[in-house]
file query09.cif (mmCIF, C-alpha atoms)
data_my_file
loop_
_atom_site.label_atom_id
_atom_site.label_comp_id
_atom_site.auth_asym_id
_atom_site.auth_seq_id
_atom_site.Cartn_x
_atom_site.Cartn_y
_atom_site.Cartn_z
CA MET A 1 0.00 0.00 0.00
CA LYS A 2 1.04 3.59 -0.62
CA ILE A 3 1.73 5.70 2.46
CA ASN A 4 -0.50 8.46 1.05
CA ASP A 5 -3.44 6.07 1.35
CA PHE A 6 -3.11 5.93 5.16
CA PHE A 7 -6.29 7.99 5.68
CA LYS A 8 -8.32 5.37 3.81
CA LEU A 9 -7.48 2.98 6.64
CA MET A 10 -8.66 5.39 9.36
CA SER A 11 -12.25 4.65 8.50
CA PRO A 12 -15.13 5.31 9.02
CA LYS A 13 -14.77 8.88 10.23
CA LEU A 14 -17.22 11.08 12.10
CA THR A 15 -18.17 13.82 9.65
CA VAL A 16 -19.25 17.29 10.73
CA LEU A 17 -20.53 20.50 9.19
CA VAL A 18 -18.42 23.52 10.09
CA THR A 19 -19.91 27.02 9.86
CA THR A 20 -17.78 30.15 9.48
CA ILE A 21 -18.35 33.75 8.39
CA ASP A 22 -16.40 36.12 6.18
CA GLU A 23 -15.37 39.65 7.16
CA LYS A 24 -18.77 40.96 6.06
CA GLY A 25 -20.57 38.46 8.28
CA ARG A 26 -21.76 36.22 5.44
CA PRO A 27 -21.99 32.62 6.67
CA GLU A 28 -20.62 29.56 4.89
CA VAL A 29 -20.67 25.83 5.59
CA SER A 30 -18.30 23.02 4.71
CA THR A 31 -17.98 19.32 5.51
CA PHE A 32 -15.03 18.02 7.54
CA SER A 33 -13.96 14.54 8.52
CA PHE A 34 -10.45 15.46 9.74
CA VAL A 35 -11.71 16.40 13.17
CA SER A 36 -11.15 15.18 16.76
CA PRO A 37 -11.40 16.20 20.40
CA VAL A 38 -7.98 17.07 21.85
CA SER A 39 -8.36 18.10 25.52
CA PHE A 40 -11.00 17.84 28.24
CA GLU A 41 -9.90 20.87 30.34
CA PRO A 42 -9.82 23.39 28.83
CA PRO A 43 -12.14 21.87 26.20
CA LEU A 44 -10.25 21.83 22.89
CA LEU A 45 -10.88 20.20 19.53
CA MET A 46 -8.94 20.00 16.28
CA ILE A 47 -10.09 20.49 12.71
CA SER A 48 -7.76 20.20 9.75
CA VAL A 49 -8.70 22.55 6.92
CA GLY A 50 -7.78 22.18 3.26
CA PRO A 51 -6.37 25.44 1.85
CA ASN A 52 -8.81 25.47 -1.07
CA LYS A 53 -11.84 25.47 1.16
CA HIS A 54 -13.88 28.63 1.54
CA SER A 55 -13.85 27.91 5.28
CA TYR A 56 -10.11 28.38 5.23
CA TRP A 57 -10.39 31.90 3.83
CA ASN A 58 -13.11 32.76 6.32
CA LEU A 59 -11.06 31.40 9.23
CA THR A 60 -8.05 33.51 8.29
CA ARG A 61 -10.35 36.56 8.75
CA VAL A 62 -12.78 35.61 11.53
CA LYS A 63 -11.26 33.12 13.95
CA GLU A 64 -14.51 31.59 15.17
CA PHE A 65 -16.42 28.53 13.99
CA VAL A 66 -19.18 26.09 14.91
CA VAL A 67 -18.89 22.30 14.65
CA ASN A 68 -22.39 21.03 13.82
CA ILE A 69 -23.09 17.29 14.25
CA PRO A 70 -25.40 16.03 11.48
CA SER A 71 -27.92 13.21 11.60
CA GLU A 72 -28.60 10.44 9.09
CA LYS A 73 -31.44 12.53 7.62
CA MET A 74 -28.90 15.15 6.59
CA LEU A 75 -26.71 12.77 4.59
CA GLU A 76 -27.42 14.49 1.29
CA LYS A 77 -26.60 17.92 2.73
CA VAL A 78 -23.39 16.55 4.28
CA TRP A 79 -22.36 15.42 0.82
CA GLU A 80 -23.40 18.63 -0.90
CA ALA A 81 -21.60 20.87 1.61
CA GLY A 82 -18.41 18.87 0.99
CA GLY A 83 -18.43 19.75 -2.70
CA LYS A 84 -16.39 22.40 -4.45
CA TYR A 85 -17.07 25.99 -3.59
CA ASP A 86 -17.88 28.37 -6.43
CA PRO A 87 -16.76 31.92 -5.68
CA GLY A 88 -19.72 34.19 -5.16
CA GLU A 89 -22.01 31.30 -4.29
CA SER A 90 -23.32 30.49 -0.82
CA LYS A 91 -23.69 26.78 -0.04
CA ILE A 92 -25.93 27.74 2.86
CA GLU A 93 -28.38 29.39 0.46
CA LYS A 94 -27.88 26.98 -2.43
CA PHE A 95 -28.60 23.87 -0.38
CA GLY A 96 -31.14 25.46 1.98
CA PHE A 97 -29.34 25.13 5.31
CA LYS A 98 -31.40 26.77 8.05
CA THR A 99 -29.27 28.80 10.46
CA ILE A 100 -29.85 30.07 14.01
CA PRO A 101 -27.67 32.48 16.00
CA SER A 102 -24.88 31.15 18.20
CA ASP A 103 -24.50 32.19 21.84
CA LYS A 104 -20.81 33.11 21.98
CA VAL A 105 -19.47 33.26 18.41
CA ARG A 106 -20.53 35.10 15.27
CA PRO A 107 -20.87 32.18 12.82
CA PRO A 108 -24.38 30.72 13.04
CA ARG A 109 -25.39 27.22 14.07
CA LEU A 110 -27.20 24.84 11.74
CA ALA A 111 -30.75 24.42 13.05
CA ASP A 112 -31.25 20.92 11.65
CA CYS A 113 -28.16 19.49 13.35
CA PRO A 114 -28.93 17.67 16.63
CA ALA A 115 -25.84 19.15 18.31
CA GLN A 116 -23.58 22.18 17.84
CA ILE A 117 -20.23 23.13 19.38
CA GLU A 118 -19.17 26.80 19.31
CA CYS A 119 -15.41 27.48 19.18
CA TYR A 120 -12.84 30.24 19.18
CA GLU A 121 -9.71 29.50 17.20
CA GLU A 122 -6.91 29.25 19.74
CA PHE A 123 -3.99 28.02 17.63
CA SER A 124 -3.26 27.20 14.02
CA LYS A 125 -0.38 25.51 12.28
CA GLN A 126 0.42 24.66 8.69
CA ALA A 127 0.57 20.86 8.66
CA GLY A 128 1.48 19.54 5.24
CA ASP A 129 -1.21 20.46 2.71
CA HIS A 130 -3.71 21.38 5.44
CA ILE A 131 -3.96 23.90 8.26
CA MET A 132 -4.53 22.34 11.65
CA LEU A 133 -6.73 24.49 13.91
CA LEU A 134 -7.27 24.11 17.62
CA GLY A 135 -10.68 25.36 18.70
CA ARG A 136 -11.49 26.35 22.25
CA VAL A 137 -15.05 25.24 23.00
CA VAL A 138 -17.10 28.13 24.42
CA ALA A 139 -20.67 26.83 24.15
CA VAL A 140 -22.42 23.53 23.37
CA HIS A 141 -25.99 22.79 22.38
CA ALA A 142 -27.90 19.54 21.96
CA ASP A 143 -31.62 18.85 21.88
CA ASP A 144 -32.78 16.70 24.80
CA GLU A 145 -34.15 14.05 22.49
CA PHE A 146 -30.66 13.48 21.07
CA VAL A 147 -28.56 13.19 24.26
CA ASP A 148 -28.81 10.90 27.28
CA SER A 149 -28.78 12.01 30.93
CA LYS A 150 -24.96 12.00 30.95
CA GLY A 151 -24.71 14.30 27.94
CA ASN A 152 -23.74 11.57 25.46
CA LEU A 153 -25.08 11.76 21.93
CA LYS A 154 -27.67 9.03 21.34
CA VAL A 155 -25.87 7.62 18.33
CA ASP A 156 -28.59 5.05 17.65
CA VAL A 157 -31.15 7.87 17.38
CA VAL A 158 -29.03 10.49 15.60
CA ARG A 159 -27.09 8.01 13.45
CA PRO A 160 -24.45 10.51 12.32
CA PRO A 161 -23.06 9.80 8.84
CA LEU A 162 -19.57 8.30 9.05
CA HIS A 163 -17.41 8.89 5.99
CA VAL A 164 -15.92 5.81 4.34
CA SER A 165 -14.64 6.98 0.93
CA ASP A 166 -15.78 9.17 -1.97
CA ASN A 167 -19.59 9.21 -1.73
CA LEU A 168 -19.82 6.20 0.61
CA PHE A 169 -20.99 6.56 4.19
CA ALA A 170 -21.59 4.13 7.04
CA PHE A 171 -23.89 4.53 10.04
CA PRO A 172 -23.34 3.44 13.62
CA TYR A 173 -25.38 0.42 14.66
CA VAL A 174 -25.90 -1.89 17.63
CA THR A 175 -24.20 -0.28 20.55
CA LYS A 176 -22.38 -2.96 22.54
CA SER A 177 -21.07 -2.90 26.06
CA VAL A 178 -17.79 -4.64 26.66
CA MET B 1 -25.09 21.31 28.48
CA LYS B 2 -21.64 21.83 29.98
CA ILE B 3 -18.89 22.86 27.57
CA ASN B 4 -16.65 20.12 28.99
CA ASP B 5 -19.10 17.57 27.64
CA PHE B 6 -18.42 18.62 24.04
CA PHE B 7 -16.51 15.42 23.27
CA LYS B 8 -19.60 13.35 24.13
CA LEU B 9 -21.29 14.96 21.13
CA MET B 10 -18.44 14.07 18.75
CA SER B 11 -19.58 10.48 18.67
CA PRO B 12 -19.02 7.70 17.71
CA LYS B 13 -15.25 7.89 17.30
CA LEU B 14 -12.89 5.64 15.41
CA THR B 15 -10.78 3.96 18.08
CA VAL B 16 -7.24 2.74 17.49
CA LEU B 17 -4.51 0.85 19.31
CA VAL B 18 -1.23 2.76 19.45
CA THR B 19 2.02 0.89 20.03
CA THR B 20 5.14 2.55 21.43
CA ILE B 21 8.40 1.42 23.05
CA ASP B 22 10.38 2.66 26.02
CA GLU B 23 14.10 3.49 25.95
CA LYS B 24 14.93 -0.19 26.57
CA GLY B 25 12.83 -1.26 23.60
CA ARG B 26 9.98 -2.72 25.66
CA PRO B 27 6.70 -2.33 23.75
CA GLU B 28 3.43 -1.02 25.15
CA VAL B 29 -0.07 -0.54 23.75
CA SER B 30 -2.85 1.89 24.57
CA THR B 31 -6.25 2.76 23.15
CA PHE B 32 -6.92 6.17 21.57
CA SER B 33 -10.03 7.78 20.17
CA PHE B 34 -8.64 11.34 19.92
CA VAL B 35 -7.09 10.64 16.53
CA SER B 36 -7.51 12.01 12.99
CA PRO B 37 -5.79 12.34 9.64
CA VAL B 38 -4.40 15.87 9.12
CA SER B 39 -2.65 16.08 5.72
CA PHE B 40 -2.50 14.06 2.50
CA GLU B 41 0.96 15.21 1.31
CA PRO B 42 3.09 14.74 3.26
CA PRO B 43 0.93 12.13 5.00
CA LEU B 44 0.31 13.35 8.56
CA LEU B 45 -2.01 12.27 11.34
CA MET B 46 -2.75 13.56 14.83
CA ILE B 47 -3.08 11.70 18.11
CA SER B 48 -3.84 13.44 21.39
CA VAL B 49 -2.21 11.75 24.34
CA GLY B 50 -3.26 11.97 27.98
CA PRO B 51 -0.27 12.72 30.22
CA ASN B 52 -1.00 9.78 32.53
CA LYS B 53 -0.73 7.25 29.76
CA HIS B 54 2.30 5.01 29.59
CA SER B 55 2.36 5.83 25.86
CA TYR B 56 3.07 9.42 26.78
CA TRP B 57 6.18 8.50 28.72
CA ASN B 58 7.34 6.24 25.93
CA LEU B 59 6.78 8.93 23.30
CA THR B 60 8.85 11.47 25.23
CA ARG B 61 11.75 8.99 24.90
CA VAL B 62 11.23 7.24 21.55
CA LYS B 63 9.43 9.47 19.05
CA GLU B 64 7.96 6.69 16.94
CA PHE B 65 4.60 4.92 17.09
CA VAL B 66 2.23 2.66 15.18
CA VAL B 67 -1.50 3.31 14.75
CA ASN B 68 -3.16 -0.14 14.58
CA ILE B 69 -6.75 -0.34 13.31
CA PRO B 70 -8.71 -3.00 15.24
CA SER B 71 -11.62 -5.12 14.06
CA GLU B 72 -14.88 -5.97 15.81
CA LYS B 73 -13.34 -9.25 17.00
CA MET B 74 -10.82 -7.23 19.03
CA LEU B 75 -13.43 -5.22 20.95
CA GLU B 76 -12.48 -6.73 24.30
CA LYS B 77 -8.79 -6.03 23.75
CA VAL B 78 -9.58 -2.45 22.66
CA TRP B 79 -11.35 -1.98 25.98
CA GLU B 80 -8.62 -3.67 28.03
CA ALA B 81 -5.81 -1.67 26.43
CA GLY B 82 -7.68 1.53 27.30
CA GLY B 83 -7.58 0.71 31.00
CA LYS B 84 -5.23 2.11 33.59
CA TYR B 85 -1.57 1.24 33.33
CA ASP B 86 0.10 -0.32 36.33
CA PRO B 87 3.79 0.55 36.50
CA GLY B 88 5.92 -2.50 35.84
CA GLU B 89 3.13 -4.26 33.99
CA SER B 90 2.97 -4.83 30.24
CA LYS B 91 -0.51 -4.65 28.71
CA ILE B 92 0.88 -6.38 25.64
CA GLU B 93 1.84 -9.40 27.77
CA LYS B 94 -1.09 -9.22 30.17
CA PHE B 95 -3.75 -9.20 27.46
CA GLY B 96 -1.88 -11.40 24.98
CA PHE B 97 -1.39 -8.99 22.09
CA LYS B 98 0.65 -10.64 19.34
CA THR B 99 3.29 -8.32 17.87
CA ILE B 100 5.22 -8.33 14.57
CA PRO B 101 8.13 -6.09 13.58
CA SER B 102 7.46 -2.81 11.79
CA ASP B 103 9.28 -1.85 8.58
CA LYS B 104 10.45 1.67 9.39
CA VAL B 105 9.93 2.29 13.11
CA ARG B 106 11.01 0.46 16.25
CA PRO B 107 7.62 -0.02 17.97
CA PRO B 108 6.02 -3.27 16.76
CA ARG B 109 2.74 -3.68 14.89
CA LEU B 110 -0.18 -5.64 16.29
CA ALA B 111 -0.54 -8.81 14.24
CA ASP B 112 -4.30 -9.19 14.80
CA CYS B 113 -5.14 -5.70 13.53
CA PRO B 114 -6.27 -5.63 9.87
CA ALA B 115 -4.27 -2.45 9.19
CA GLN B 116 -1.27 -0.65 10.69
CA ILE B 117 0.18 2.80 10.10
CA GLU B 118 3.83 3.45 11.08
CA CYS B 119 4.71 7.01 12.13
CA TYR B 120 7.59 9.21 13.20
CA GLU B 121 6.64 11.97 15.60
CA GLU B 122 7.12 15.21 13.70
CA PHE B 123 5.67 17.79 16.09
CA SER B 124 4.17 17.91 19.56
CA LYS B 125 2.35 20.57 21.51
CA GLN B 126 0.83 20.74 24.94
CA ALA B 127 -2.87 21.30 24.29
CA GLY B 128 -4.82 21.69 27.51
CA ASP B 129 -4.63 18.47 29.54
CA HIS B 130 -3.34 16.45 26.59
CA ILE B 131 -0.30 16.46 24.31
CA MET B 132 -1.14 16.72 20.64
CA LEU B 133 1.28 14.79 18.42
CA LEU B 134 1.64 15.01 14.67
CA GLY B 135 2.85 11.74 13.17
CA ARG B 136 4.50 11.53 9.78
CA VAL B 137 3.35 8.32 8.10
CA VAL B 138 6.33 6.29 6.88
CA ALA B 139 4.77 2.89 6.15
CA VAL B 140 1.28 1.39 5.91
CA HIS B 141 0.11 -2.20 5.97
CA ALA B 142 -3.27 -3.81 5.34
CA ASP B 143 -4.22 -7.37 4.52
CA ASP B 144 -5.76 -7.74 1.06
CA GLU B 145 -8.93 -9.22 2.48
CA PHE B 146 -9.55 -6.01 4.46
CA VAL B 147 -9.04 -3.34 1.77
CA ASP B 148 -10.66 -2.76 -1.61
CA SER B 149 -8.82 -2.15 -4.89
CA LYS B 150 -8.57 1.59 -4.11
CA GLY B 151 -6.95 1.02 -0.74
CA ASN B 152 -10.06 1.76 1.33
CA LEU B 153 -10.69 -0.23 4.47
CA LYS B 154 -13.65 -2.59 3.97
CA VAL B 155 -15.53 -1.26 6.97
CA ASP B 156 -18.36 -3.76 6.58
CA VAL B 157 -15.83 -6.61 6.83
CA VAL B 158 -13.51 -5.17 9.48
CA ARG B 159 -16.26 -3.41 11.47
CA PRO B 160 -13.87 -1.32 13.57
CA PRO B 161 -15.19 -0.55 17.08
CA LEU B 162 -16.38 3.07 17.32
CA HIS B 163 -16.31 4.51 20.80
CA VAL B 164 -19.57 5.98 22.11
CA SER B 165 -19.04 6.44 25.87
CA ASP B 166 -17.60 4.57 28.83
CA ASN B 167 -17.75 0.88 27.82
CA LEU B 168 -20.22 1.42 24.95
CA PHE B 169 -19.20 0.93 21.34
CA ALA B 170 -21.02 1.14 18.03
CA PHE B 171 -20.16 -0.56 14.75
CA PRO B 172 -20.43 0.76 11.21
CA TYR B 173 -23.31 -0.67 9.23
CA VAL B 174 -24.95 -0.40 5.80
CA THR B 175 -22.65 1.65 3.67
CA LYS B 176 -24.74 4.10 1.64
CA SER B 177 -23.85 6.04 -1.47
CA VAL B 178 -25.22 9.56 -1.68
#
call {"tool": "encode", "arguments": {"input": "query09.cif", "output": "C-alpha cells"}}
result
Amino acid sequence: MKINDFFKLMSPKLTVLVTTIDEKGRPEVSTFSFVSPVSFEPPLLMISVGPNKHSYWNLTRVKEFVVNIPSEKMLEKVWEAGGKYDPGESKIEKFGFKTIPSDKVRPPRLADCPAQIECYEEFSKQAGDHIMLLGRVVAVHADDEFVDSKGNLKVDVVRPPLHVSDNLFAFPYVTKSV
Amino acid sequence: MKINDFFKLMSPKLTVLVTTIDEKGRPEVSTFSFVSPVSFEPPLLMISVGPNKHSYWNLTRVKEFVVNIPSEKMLEKVWEAGGKYDPGESKIEKFGFKTIPSDKVRPPRLADCPAQIECYEEFSKQAGDHIMLLGRVVAVHADDEFVDSKGNLKVDVVRPPLHVSDNLFAFPYVTKSV
C-alpha cells in the first residue's frame, strides 16, 4: 500500500458540518472529517482545513467557527456541503441550510443538526497540505431528544453519517457494552 | 449542556490501538479515540495523548509509534488496552497482544489488527490536559482481504469498534452512497 493512502485505513470517520463567516458576516458551511477532540480541560478540539476550502479563507479573517453534528437525515446535505465551492455562491443558500444564532461566536449554528459546538480558534499551524486548527469550546448545544442524561449523543437515534470513501458513508449500529 | 461535555457529542469515534516502546525497547499498547488524519501530502495524522498514559512516557523517549486499526473481533482487547496502566506491567503481555516487527519504526505492529500505520513523531504541543502529536506516516500495511482495490478499508468486513461512551461501542453498518 502507498503511504498516502493511510487515511483510507482510518475509516469510518465522524463527519461534521463547520460554519464560518467572512469579514462581512456572510456565513458559509463546509464538511469536515479530519476532526477530533484534543483536551478535556480546557475543552479543545482540532479540525484540519484544506487550503482550497472557503472555510479556510473565512477562518483567516474571523477566527470563530461552529462544529455542527449532522444526523442520518442530513446525509445528502453533508455530501453537498463537501463539494467544491464556487466563488460568489453560498452553499448555505444553495442547499437550503437553516441557520440560528450562536451564543458566543458570530458564525451561526445549523438548526437541523442535533448538536452544535461553538469554538474560538486558539492556535493554528500549517501541517502539510492542510492547516490544523485548535478550537477552544465556548458553548455547546444539543436537543434533549438526542442526548442521554450523561450528555452523550444518542448515536442510535441520531445516526451521524460516518465517511468511508468518496460518496460512501456508514452509520453506527448496535451499541455494545464490553 | 456543559462545555466540557463537548466530546460526548463528537460520537461515535474511530478507536485505534497505538504501540510505542520505552528506551529499553519494551513495547506497550494503549487505546486512543482522539485521533484524525491531518494532511495528505506529506501524509500526517494527529493523536492526542493523555499525560498519565504510559504511551506518553514512551513517546517522550522514543518518538515513533504505530497506529493499529482494530476489528470488531478485538473489541475486548480495545477496551482492556484503554484501562489504567500499572507501572511494571505490560498490557501487551497481560492481554496477549501478538506483535510483529514494523518496517520503518522500532515499535512493533499488532498482528491481529487488519491495518497498521507506522509514524515518526514530527511535532508535539501541549494542548490543555493532553499532548497533541503530529505523526508523519512512513509505512502502511493492510491485509488484502480487508481493503478494496482503491486502498479503502472494507468497513463492513472489518467493522472497527467506534467509541460511544464509557464501555459502549457502536459498529459501522450499511454503507450508503449519496
call {"tool": "atom_distance", "arguments": {"input": "query09.cif", "atom1": "CA of Lys77 (chain B)", "atom2": "CA of Ser55 (chain B)"}}
result
16.4 Å
call {"tool": "closest_atom_pairs", "arguments": {"input": "query09.cif", "of": "chain A", "to": "chain B", "cutoff": "6 Å", "atoms": "only C-alpha atoms", "output": "CSV"}}
result
residue,atom,partner,partner_atom,distance
A:Ile3,CA,B:Val140,CA,5.5
A:Asn4,CA,B:Pro43,CA,5.6
A:Phe7,CA,B:Pro37,CA,5.9
A:Lys8,CA,B:Asn152,CA,4.7
A:Leu9,CA,B:Leu153,CA,5.0
A:Phe34,CA,B:Ser36,CA,5.6
A:Ser36,CA,B:Phe34,CA,5.6
A:Pro37,CA,B:Phe34,CA,5.6
A:Val38,CA,B:Ser48,CA,5.5
A:Ser39,CA,B:His130,CA,5.4
A:Glu41,CA,B:Asp129,CA,5.8
A:Pro42,CA,B:Gly128,CA,5.4
A:Pro43,CA,B:Asn4,CA,5.6
A:Ser48,CA,B:Val38,CA,5.5
A:Gly128,CA,B:Ser39,CA,5.4
A:Asp129,CA,B:Ser39,CA,5.5
A:His130,CA,B:Ser39,CA,5.4
A:Ala139,CA,B:Ile3,CA,5.5
A:Val140,CA,B:Ile3,CA,5.5
A:Asn152,CA,B:Lys8,CA,4.7
A:Leu153,CA,B:Leu9,CA,5.0
A:Asn167,CA,B:Ser177,CA,5.3
A:Leu168,CA,B:Ser177,CA,4.5
A:Phe169,CA,B:Lys176,CA,5.2
A:Ala170,CA,B:Thr175,CA,4.3
A:Phe171,CA,B:Pro172,CA,5.2
A:Pro172,CA,B:Pro172,CA,4.6
A:Tyr173,CA,B:Phe171,CA,5.3
A:Val174,CA,B:Ala170,CA,5.8
A:Thr175,CA,B:Ala170,CA,4.3
A:Lys176,CA,B:Phe169,CA,5.2
A:Ser177,CA,B:Leu168,CA,4.5
A:Val178,CA,B:Asn167,CA,5.6
call {"tool": "closest_residue", "arguments": {"input": "query09.cif", "among": "B:Leu133, B:Ile92, B:Leu59, B:Met74", "to": "Pro108 (chain B)", "atoms": "only C-alpha atoms"}}
result
B:Ile92
call {"tool": "closest_residue", "arguments": {"input": "query09.cif", "among": "B:Asp148, B:Ser124, B:Ser102, B:Arg26", "to": "Val66 (chain B)", "atoms": "all atoms listed in the file"}}
result
B:Ser102
call {"tool": "closest_residue", "arguments": {"input": "query09.cif", "among": "B:Ser71, B:Thr60, B:Thr20, B:Ser149", "to": "Lys125 (chain B)", "atoms": "only C-alpha atoms"}}
result
B:Thr60
call {"tool": "atom_distance", "arguments": {"input": "query09.cif", "atom1": "CA of Lys104 (chain A)", "atom2": "CA of Arg61 (chain A)"}}
result
17.2 Å
call {"tool": "residues_near_point", "arguments": {"input": "query09.cif", "point": "(-14.5, 36.7, 4.4)", "cutoff": "8 Å", "atoms": "only C-alpha atoms", "output": "list in words"}}
result
Ile21, Asp22, Glu23, Lys24, Gly25, Arg26, Trp57, Asn58, Leu59, Arg61 and Val62 of chain A
call {"tool": "residues_around", "arguments": {"input": "query09.cif", "residues": "Ser90 (chain B)", "least_positions_apart": "6", "cutoff": "9 Å", "atoms": "only C-alpha atoms", "output": "list in words"}}
result
Arg26, Pro27, Glu28 and Val29 of chain B
call {"tool": "atom_distance", "arguments": {"input": "query09.cif", "atom1": "CA of Glu121 (chain B)", "atom2": "CA of Lys84 (chain B)"}}
result
23.7 Å
call {"tool": "closest_residue", "arguments": {"input": "query09.cif", "among": "B:Glu64, B:Tyr56, B:Gly82, B:Ala111", "to": "Lys98 (chain B)", "atoms": "all atoms listed in the file"}}
result
B:Ala111
call {"tool": "decode", "arguments": {"input": "query09.cif", "residues": "region 8-21 of chain A", "atoms": "N, CA, C and O atoms", "output": "CSV table (one decimal), in the first residue's frame"}}
result
chain,number,residue,atom,x,y,z
A,8,LYS,N,-7.3,6.3,4.2
A,8,LYS,CA,-8.3,5.4,3.8
A,8,LYS,C,-8.5,4.2,4.8
A,8,LYS,O,-9.4,3.4,4.7
A,9,LEU,N,-7.4,4.0,5.6
A,9,LEU,CA,-7.5,3.0,6.6
A,9,LEU,C,-8.1,3.5,8.0
A,9,LEU,O,-8.5,2.7,8.8
A,10,MET,N,-8.1,4.8,8.1
A,10,MET,CA,-8.7,5.4,9.4
A,10,MET,C,-10.1,5.7,9.1
A,10,MET,O,-10.5,6.8,8.8
A,11,SER,N,-10.9,4.6,9.1
A,11,SER,CA,-12.3,4.7,8.5
A,11,SER,C,-13.2,3.7,9.3
A,11,SER,O,-12.8,2.7,9.7
A,12,PRO,N,-14.5,4.1,9.5
A,12,PRO,CA,-15.1,5.3,9.0
A,12,PRO,C,-14.9,6.5,10.0
A,12,PRO,O,-14.6,6.2,11.1
A,13,LYS,N,-15.1,7.7,9.5
A,13,LYS,CA,-14.8,8.9,10.2
A,13,LYS,C,-16.0,9.7,10.5
A,13,LYS,O,-16.8,10.0,9.6
A,14,LEU,N,-16.2,10.1,11.8
A,14,LEU,CA,-17.2,11.1,12.1
A,14,LEU,C,-17.1,12.3,11.2
A,14,LEU,O,-16.0,12.8,11.0
A,15,THR,N,-18.2,12.8,10.6
A,15,THR,CA,-18.2,13.8,9.7
A,15,THR,C,-19.1,15.0,10.2
A,15,THR,O,-20.2,14.7,10.6
A,16,VAL,N,-18.5,16.2,10.1
A,16,VAL,CA,-19.2,17.3,10.7
A,16,VAL,C,-19.4,18.4,9.7
A,16,VAL,O,-18.7,18.5,8.7
A,17,LEU,N,-20.3,19.3,10.0
A,17,LEU,CA,-20.5,20.5,9.2
A,17,LEU,C,-20.0,21.7,10.0
A,17,LEU,O,-20.5,22.0,11.1
A,18,VAL,N,-19.0,22.4,9.4
A,18,VAL,CA,-18.4,23.5,10.1
A,18,VAL,C,-18.9,24.8,9.5
A,18,VAL,O,-18.9,25.0,8.3
A,19,THR,N,-19.5,25.7,10.3
A,19,THR,CA,-19.9,27.0,9.9
A,19,THR,C,-18.9,28.1,10.2
A,19,THR,O,-18.3,28.1,11.3
A,20,THR,N,-18.7,29.0,9.3
A,20,THR,CA,-17.8,30.1,9.5
A,20,THR,C,-18.5,31.4,8.9
A,20,THR,O,-19.6,31.3,8.3
A,21,ILE,N,-17.9,32.5,9.1
A,21,ILE,CA,-18.3,33.7,8.4
A,21,ILE,C,-17.2,34.5,7.8
A,21,ILE,O,-16.0,34.3,8.2
